[in-house]
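Below: the structure, in structure tokens.
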Amino acid sequence: DAQYIYNEHPLPLIFNNMEFSGAGDKAFGRQNAGSVNMEVNGNFTISGSTVSASGGNWAAVDLYVRGNWDNTGTFQHNRTVFFDGVDQDISASSFYNVNFANSGTKTLSGNITANQDLIISGTATLDASNSNITVNRNWDNTAAGAVFVPRTGRVFFQGGTGTIFTGTTTGPQAGKSFYDVEIGRNANTAVLGGDLDVNNDLIITSGIFQTNAFD
């Protein structure tokens with residue numbers, strides 16, 4: 001059976017842990033004057049279900065998750081997921097926008113896709129743990145205390161035109177480097193918004209790579 005969670009109150013819905021399981025449509029969002037935020041202070045789990053947070057008959061919300069993210073189903077969304085806990089594990093998933101925020105280490109246990117923007121903010125560390133990351137618009141690692149640990153993972157820049165904000169304009173800097181980068185933007189452009197330091201392979205399969213005045 002279909003299950004829907006929506007908020008009509010101006011204060012955000014706040015959960016401890018949240019789990020979706022079983023067949024049938026699962027969806028959440030807001031209606032009328034409902035808050036644009038939904039918060040999960042613990043773990044967010046999708047056990048084989050398809051979960052939509054993309055609006056439809058209601059408006060979509062930003063989702064704040066402070067525990068682990070475990071997805072063995074499908075997640076559909078058209079706003080931002082904020083991982084703003086401390087140390088968090090994040091399984092393979094597709095996001096619309098994703099922001100690794102606050103502090104601590106956010107460790108990937110599978111490949112992820114950001115269909116728009118990926119942001120590392122605050123003093124958070126994103127540890128790819130050898131997983132691959134696909135970004136279809138912007139990469140933003142400009143926060144002074146933000147750190148990306150690629151290990152041997154590859155970052156794919158695909159989709160439409162977008163900017164790679166590396167977070168450094170003075171050459172290689174700890175926490176701002178990549179291991180492998182692959183650019184495949186078809187007829188679109190990947191624009192550098194900082195110096196790009198790649199420790200292994202830089203591959204351009206399609207599109208335009210625009211460096212501007214950066215190295």
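In the structure tokens, chains take the letters A, B, ... in the order shown, each chain's residues start at 1, and ligands count up from 1 in the order shown.
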Identify all residues of range 77-133 of chain A in strand (DSSP E) (DSSP on the backbone) and supply them as number ranges by chain.
A: 77, 80-83, 88-90, 93-95, 97-100, 105-108, 112-114, 118-120, 125-127, 133
Could you dump the residues just selected with C-alpha atoms as an mmCIF file, in the first residue's frame?
```cif
data_model
loop_
_atom_site.group_PDB
_atom_site.id
_atom_site.type_symbol
_atom_site.label_atom_id
_atom_site.label_comp_id
_atom_site.auth_asym_id
_atom_site.auth_seq_id
_atom_site.Cartn_x
_atom_site.Cartn_y
_atom_site.Cartn_z
ATOM 1 C CA HIS A 77 14.578 13.827 -4.728
ATOM 2 C CA THR A 80 19.141 18.981 -1.022
ATOM 3 C CA VAL A 81 20.195 16.236 1.373
ATOM 4 C CA PHE A 82 22.420 17.603 4.147
ATOM 5 C CA PHE A 83 24.644 15.159 6.030
ATOM 6 C CA GLN A 88 28.498 9.254 9.186
ATOM 7 C CA ASP A 89 28.500 6.283 6.785
ATOM 8 C CA ILE A 90 26.729 6.759 3.453
ATOM 9 C CA SER A 93 22.761 6.473 -3.739
ATOM 10 C CA SER A 94 21.712 9.141 -6.195
ATOM 11 C CA PHE A 95 20.969 12.612 -4.875
ATOM 12 C CA ASN A 97 21.986 18.201 -4.393
ATOM 13 C CA VAL A 98 24.081 16.803 -1.547
ATOM 14 C CA ASN A 99 25.883 18.798 1.128
ATOM 15 C CA PHE A 100 28.400 17.150 3.471
ATOM 16 C CA THR A 105 34.070 12.349 8.560
ATOM 17 C CA LYS A 106 31.429 11.311 6.035
ATOM 18 C CA THR A 107 32.544 7.929 4.649
ATOM 19 C CA LEU A 108 31.157 6.492 1.432
ATOM 20 C CA ILE A 112 27.166 8.152 -5.322
ATOM 21 C CA THR A 113 25.735 10.568 -7.892
ATOM 22 C CA ALA A 114 24.835 14.232 -7.425
ATOM 23 C CA LEU A 118 27.998 18.347 -4.434
ATOM 24 C CA ILE A 119 29.195 20.571 -1.593
ATOM 25 C CA ILE A 120 31.633 19.925 1.258
ATOM 26 C CA THR A 125 35.692 15.534 5.639
ATOM 27 C CA LEU A 126 34.308 13.528 2.727
ATOM 28 C CA ASP A 127 36.167 10.201 2.590
ATOM 29 C CA ILE A 133 31.467 10.028 -7.373
#
```
Would you pick out the contacts of Val147 in chain A at 7 Å or less, using only C-alpha atoms, so that residues sharing its chain but fewer than 2 positions from it are not included, and give the list as a PyMOL selection string?
chain A and resi 124-126+145+149+175-176
Selection above as a file: all heavy atoms, as a compact mmCIF listing (two decimals), in the first residue's frame:
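Okay, this is what ended up in selection_9.txt:
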```
# COMPACT_ATOMS: atom_id res chain seq x y z
N ALA A 124 33.79 19.62 7.54
CA ALA A 124 33.52 18.21 7.23
C ALA A 124 34.61 17.62 6.34
O ALA A 124 35.20 18.31 5.51
CB ALA A 124 32.17 18.08 6.56
N THR A 125 34.82 16.31 6.51
CA THR A 125 35.69 15.53 5.64
C THR A 125 34.84 14.53 4.88
O THR A 125 34.08 13.77 5.48
CB THR A 125 36.76 14.78 6.45
OG1 THR A 125 37.64 15.72 7.07
CG2 THR A 125 37.58 13.85 5.57
N LEU A 126 34.94 14.55 3.56
CA LEU A 126 34.31 13.53 2.73
C LEU A 126 35.36 12.51 2.34
O LEU A 126 36.29 12.82 1.59
CB LEU A 126 33.68 14.15 1.48
CG LEU A 126 33.11 13.16 0.46
CD1 LEU A 126 32.05 12.27 1.08
CD2 LEU A 126 32.56 13.90 -0.76
N GLY A 145 37.89 24.80 5.97
CA GLY A 145 38.14 23.60 6.76
C GLY A 145 37.63 22.32 6.15
O GLY A 145 37.76 21.25 6.75
N VAL A 149 38.93 13.38 0.77
CA VAL A 149 39.91 12.29 0.77
C VAL A 149 39.50 11.32 -0.34
O VAL A 149 38.58 10.51 -0.15
CB VAL A 149 39.97 11.58 2.12
CG1 VAL A 149 41.02 10.46 2.10
CG2 VAL A 149 40.28 12.57 3.24
N GLY A 175 43.63 18.29 1.29
CA GLY A 175 42.18 18.22 1.37
C GLY A 175 41.45 18.75 0.16
O GLY A 175 40.22 18.74 0.13
N LYS A 176 42.19 19.21 -0.87
CA LYS A 176 41.56 19.80 -2.04
C LYS A 176 41.93 19.06 -3.34
O LYS A 176 41.58 19.52 -4.42
CB LYS A 176 41.97 21.27 -2.17
CG LYS A 176 41.75 22.11 -0.91
CD LYS A 176 40.29 22.16 -0.48
CE LYS A 176 40.10 23.04 0.75
NZ LYS A 176 38.71 23.08 1.23
```
Within 12 Å of Phe157 in chain A, counting only C-alpha atoms, which residues qualify if same-chain residues fewer than 2 places away don't, as a VMD selection string?
chain A and resid 113 to 118 132 to 139 154 to 155 159 to 164 180 to 186 188 to 192 202 to 209
Can you work out the spacing between CA of Ile5 in chain A and CA of Gly110 in chain A in Å, to one decimal?
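Here the two named atoms are 27.6 Å from each other.
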With only C-alpha atoms as the counted atoms, please give the residues lying no more than 8 Å from Thr74 in chain A, apart from itself and same-chain residues fewer than 2 positions off, as a PyMOL selection string.
chain A and resi 46+48-51+71-72+76+93
Minimum-distance residue to Ala27 in chain A, chosen among A:Phe156, A:Tyr96, A:Phe44, A:Trp58 (using only C-alpha atoms)
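The answer is A:Trp58, which sits nearest to Ala27 in chain A.
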In Å, with one decimal, what is the gap from CA of Asp215 in chain A to CA of Asn199 in chain A?
13.9 Å
Top pick for closest residue to Thr123 in chain A, considering A:Asn141, A:Ser109, A:Asn32, A:Gly104 and counting only C-alpha atoms:
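For Thr123 in chain A, the nearest of the candidates is A:Gly104.
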List the spatial neighbours of Asp197 in chain A as a ChimeraX atom specification - criterion: any atom at most 7 Å away, only C-alpha atoms, same-chain residues fewer than 5 positions off excluded.
/A:172,177-178
May I have the residues from that selection written out with N, CA, C and O atoms, as a compact mmCIF listing (two decimals), in the first residue's frame?
```txt
# COMPACT_ATOMS: atom_id res chain seq x y z
N PRO A 172 48.62 22.85 -5.26
CA PRO A 172 48.14 21.73 -4.43
C PRO A 172 48.01 22.13 -2.96
O PRO A 172 48.87 22.83 -2.40
N SER A 177 42.60 17.92 -3.21
CA SER A 177 43.09 17.20 -4.38
C SER A 177 42.16 16.04 -4.75
O SER A 177 41.31 15.61 -3.97
N PHE A 178 42.36 15.52 -5.97
CA PHE A 178 41.65 14.37 -6.49
C PHE A 178 42.65 13.26 -6.80
O PHE A 178 43.85 13.51 -6.96
```
In Å, rounded to a single decimal, give me how far CA of Gln31 in chain A is from CA of His9 in chain A.
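Rounded to one decimal, the two atoms are 8.4 Å apart.
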For Ala143 in chain A, which residue out of A:Ser129, A:Asn111, A:Asn102, A:Asn57 is the nearest one, using only C-alpha atoms?
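Distance minimum relative to Ala143 in chain A lands on A:Asn102.
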